[in-house]
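**Q** Take a look at this one; I'll ask things after.
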Amino acid sequence: MATPDLSPAQLAAPTYPAELRSQLFQYVVQLADTSLILAHRLSEWCGHGPVLEQDLALSNIALDLLGEARSYYQYAAELEGRGRTEDDLAYLRSAVEYRNPLLVEQPNGDFAYTIVRQFLFDNFHYQLLKELKAGPDARLAAIAEKSLKEAAYHLKWSSEWLIRLGDGTPESRRRLDKAIAALWRFAGELTTPTPGESHLQELGLVPDYAALLPAMQAHVAHVLAEATVPLPTAPVAQLGGKTGRHSEHLGYLLAELQYLQRTYPGLTW
Amino acid sequence: METLAPDLSPEAQFQARIDADIRIEPKDWMPEAYRKTLIRQISQHAHSELVGMLPEGNWITRAPSLKRKAILLAKVQDEAGHGLYLYSAAETLGTSRDQMLADLHSGKAKYSSIFNYPTLSWADMGCVGWLVDGAAILNQVPLCRTSYGPYARAMVRVCKEESFHQRQGFEIMQTLCEGAPVQKEMAQEALNRWWWPTLMMFGPKDADSPNTEQSMKWRIKRFTNDELRQKFVDMMVPQAEFLGLKVPDDKVQWNEERQAYDFGEVDWEEFWNVVKGNGLCNHERLQARVQAHEEGAWVREAALAHAAKRKERAAVAA
């Protein structure tokens, strides 16, 4: 991470200059949206997992990500300072205002889809949290420190499953290959900075994705080799979610997620 | 096995242990009917946890706040955990999880009929916690002292979590009842639908409950169905009043002489109908379980195949 251009006083959240605070707000909302949408997808598995132990694991990961999302939303609401709450941010923004990358909104598909989606996310998430934890924003560092332990477990879980499915039966391999073909194109967006992210990265306030890539690529190579799966040739990355241009799936997801708050505005539940 | 009366037959010794409140453990001698009764009851209980995930799982993606979503997801996850302990407890009696699941999927094994009712509004998450878990606790607390050790120990853990769930359910109801009129209506409407089915959770009337007498003698069961149902009504009527809700039974009235509430007759025709598989959700609940199991088969096979490959490689390397 580059040396921050900001004085320590400026780095304390309440004293960020207004423009920077608003840029950081966008960034934190993006982190929150990403964790929430993936948690939501994983929670759709609850009660329908392939075996009871994995049903539990999927719910566990969903709960971790939901908890992480809430911490980010709470921080984002404070940065914004307009009296919005975590629930206002999650329940009262439309799809074009959501900032999660396309990968996490993709439907669960079969277990292989869920594993590939999870593996690609976990590999990024783990490295990102490691850097955020060491970053200059104290609040993000604290959230990252707590979430890093969970993310390490998530990455271990999805890596092991990817290996099992790749080096399991012909059927599991066929399904895994299909999932990789469908989802690999969404991986690039995770580490492709938006203009807003680039700006914060230049200031040294948030992790530079270029610095995460070597460790991420090494882990992918290692896991795929164990899974006996050839490294996919880099597909054209699908971009858009982080700037509010989503796939068709997000609208349905939000319609469900926001249903009660939208139907009965302004009530306490 | 500790011998209390060496001159007696195994059956008599067994009953003497039961009467002395000494726990029966997996390796102890037990009558075949006791083993069968327990397998039936514990696996039915485990299946109820598993199927019970579905009606509440139905609202996880629509929970009205992030906090409620987290609480509900954690609750349903606890139920999966209860299922695991209970399947393990049943396995100590010489059955397997695969066998028990096969019996569930074929319709041979039952699960609690309450889960064959649909969850139609957010207030149902309140009612399921407050009433359904409340009824389950009354049924289950005595099971912490049931005669079979592994079952009793599993139930101690289950009951701790269930009482937590019940408070969460009550709190959902309370929030609704203290909220806008539309929320209170939602709460009352849900109570109207869940009240009678929860009374049915205690099972048929004592006179129509063929297993009760033997189960009481073996101390698998410690209270009769009607005793527990009465306890439930006595507990819940004041709670509903506290919430400002009315239970949908005009016959509910405090009986000074009995020091208990009188209440109306359960619709036993509906009870037996749902038990026999004709409730609104019987078909889809079972289908959901069968589908998850069948669609998960290739995943379980892949895990086994991979483990076998690893083992083989390790053997070659050694």
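Chain labels run A, B, ... following the order of the structure tokens; each chain numbers its residues from 1, and ligands are numbered from 1 in the order shown.
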Please return, as an MDAnalysis selection string, all residues of chain B lying within 7 Å of chain A when only C-alpha atoms are considered.

**A** chainID B and resid 53:54 57 61:62 64:66 70 77 80 175:176 179 292:293 295:299 302:303 305:306

**Q** Near Met200 of chain B, counting only C-alpha atoms, which residues have an atom at most 12 Å away, once you skip same-chain residues fewer than 5 positions from it, shown as JSON, numbers by chain?

**A** {"B": [112, 113, 114, 115, 131, 132, 135, 136, 139, 194, 195, 205, 225, 226, 228, 229, 230, 232, 233, 265, 266, 267, 268, 269, 270, 271, 272, 273, 274, 275]}

**Q** Find the residues near Pro150 of chain B: any atom within 12 Å, counting only C-alpha atoms, skip ones fewer than 4 places away on the same chain, and give them as a list in words.

**A**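 Near Pro150 of chain B, the qualifying residues are Arg23, Ile24, Glu25, Pro26, Lys27, Leu38, Ile39, Ile42, Tyr85, Leu86, Tyr87, Ser88, Ala89, Ala90, Glu91, Thr92, Leu93, Leu143, Cys144, Arg145, Thr146, Ala154, Met155, Val156 and Arg157 of chain B.
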
**Q** For N, CA and C atoms, I'd like the residues from the last selection saved as a CSV table (one decimal), in the first residue's frame.

**A**
chain,number,residue,atom,x,y,z
B,23,ARG,N,-30.1,-44.4,34.4
B,23,ARG,CA,-30.2,-44.2,33.0
B,23,ARG,C,-29.8,-45.5,32.3
B,24,ILE,N,-30.4,-45.8,31.2
B,24,ILE,CA,-30.0,-46.9,30.3
B,24,ILE,C,-29.0,-46.4,29.3
B,25,GLU,N,-27.9,-47.1,29.1
B,25,GLU,CA,-26.9,-46.6,28.2
B,25,GLU,C,-26.8,-47.6,27.0
B,26,PRO,N,-26.2,-47.2,25.9
B,26,PRO,CA,-26.3,-48.0,24.6
B,26,PRO,C,-25.9,-49.4,24.8
B,27,LYS,N,-24.9,-49.7,25.6
B,27,LYS,CA,-24.4,-51.1,25.7
B,27,LYS,C,-25.3,-52.0,26.6
B,38,LEU,N,-37.8,-46.2,21.1
B,38,LEU,CA,-36.9,-45.1,21.1
B,38,LEU,C,-36.4,-44.7,19.7
B,39,ILE,N,-36.1,-45.7,18.9
B,39,ILE,CA,-35.6,-45.3,17.5
B,39,ILE,C,-36.7,-44.6,16.8
B,42,ILE,N,-36.9,-41.0,18.6
B,42,ILE,CA,-35.8,-40.1,18.4
B,42,ILE,C,-35.6,-39.7,16.9
B,85,TYR,N,-27.5,-33.9,16.5
B,85,TYR,CA,-27.3,-34.6,17.8
B,85,TYR,C,-28.3,-35.7,17.9
B,86,LEU,N,-29.5,-35.5,17.4
B,86,LEU,CA,-30.6,-36.5,17.6
B,86,LEU,C,-30.3,-37.7,16.7
B,87,TYR,N,-29.9,-37.5,15.4
B,87,TYR,CA,-29.5,-38.6,14.6
B,87,TYR,C,-28.4,-39.4,15.2
B,88,SER,N,-27.5,-38.7,15.8
B,88,SER,CA,-26.4,-39.4,16.5
B,88,SER,C,-26.9,-40.3,17.7
B,89,ALA,N,-27.8,-39.7,18.4
B,89,ALA,CA,-28.4,-40.4,19.6
B,89,ALA,C,-29.1,-41.6,19.1
B,90,ALA,N,-29.8,-41.5,18.0
B,90,ALA,CA,-30.6,-42.7,17.5
B,90,ALA,C,-29.6,-43.7,17.0
B,91,GLU,N,-28.5,-43.3,16.4
B,91,GLU,CA,-27.5,-44.3,15.9
B,91,GLU,C,-26.9,-45.2,17.0
B,92,THR,N,-26.9,-44.7,18.3
B,92,THR,CA,-26.4,-45.5,19.4
B,92,THR,C,-27.3,-46.7,19.6
B,93,LEU,N,-28.5,-46.7,19.0
B,93,LEU,CA,-29.4,-47.8,19.2
B,93,LEU,C,-29.3,-48.8,18.1
B,143,LEU,N,-38.0,-34.7,28.6
B,143,LEU,CA,-37.1,-35.6,28.0
B,143,LEU,C,-35.6,-35.5,28.4
B,144,CYS,N,-35.3,-34.4,29.0
B,144,CYS,CA,-34.0,-34.2,29.6
B,144,CYS,C,-33.8,-35.3,30.7
B,145,ARG,N,-34.9,-35.8,31.2
B,145,ARG,CA,-34.8,-36.8,32.3
B,145,ARG,C,-35.3,-38.2,31.8
B,146,THR,N,-35.3,-38.3,30.5
B,146,THR,CA,-35.9,-39.5,29.9
B,146,THR,C,-34.9,-40.7,30.2
B,154,ALA,N,-28.7,-35.4,24.7
B,154,ALA,CA,-29.0,-34.6,23.5
B,154,ALA,C,-30.0,-33.5,23.9
B,155,MET,N,-31.1,-33.9,24.6
B,155,MET,CA,-32.2,-33.0,24.9
B,155,MET,C,-31.8,-31.9,25.8
B,156,VAL,N,-30.8,-32.0,26.6
B,156,VAL,CA,-30.4,-30.9,27.5
B,156,VAL,C,-29.9,-29.8,26.6
B,157,ARG,N,-29.1,-30.1,25.6
B,157,ARG,CA,-28.6,-29.1,24.7
B,157,ARG,C,-29.7,-28.5,23.9

**Q** Could you write out, as a count of residues only, all the residues of segment 138-200 of chain A that DSSP marks as alpha helix (DSSP H)?

**A** 53

**Q** Taking only C-alpha atoms into account, name the residue in B:Asp28, B:Asp19, B:Val128, B:Glu227 that is nearest to Pro197 of chain B.

**A**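 Looking only at the distances to Pro197 of chain B, the closest residue turns out to be B:Val128.
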
**Q** Let me make sure I understand: among A:Tyr126, A:Tyr98, A:Trp157, A:Phe119, which one has the smallest atom-to-atom distance to Trp184 of chain A if we use only C-alpha atoms?

**A**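 Smallest distance to Trp184 of chain A is found for A:Phe119.
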
**Q** Set the distance at 12 Å and use only C-alpha atoms: which residues neighbour Ala218 of chain A once local chain neighbours fewer than 4 positions away are removed? I'd like the list as a list in words.

**A**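 Non-adjacent residues within range: Asn123, Phe124, Gln127, Leu212, Leu213, Pro214, His222, Val223, Leu224, Ala225 and Leu231 of chain A.
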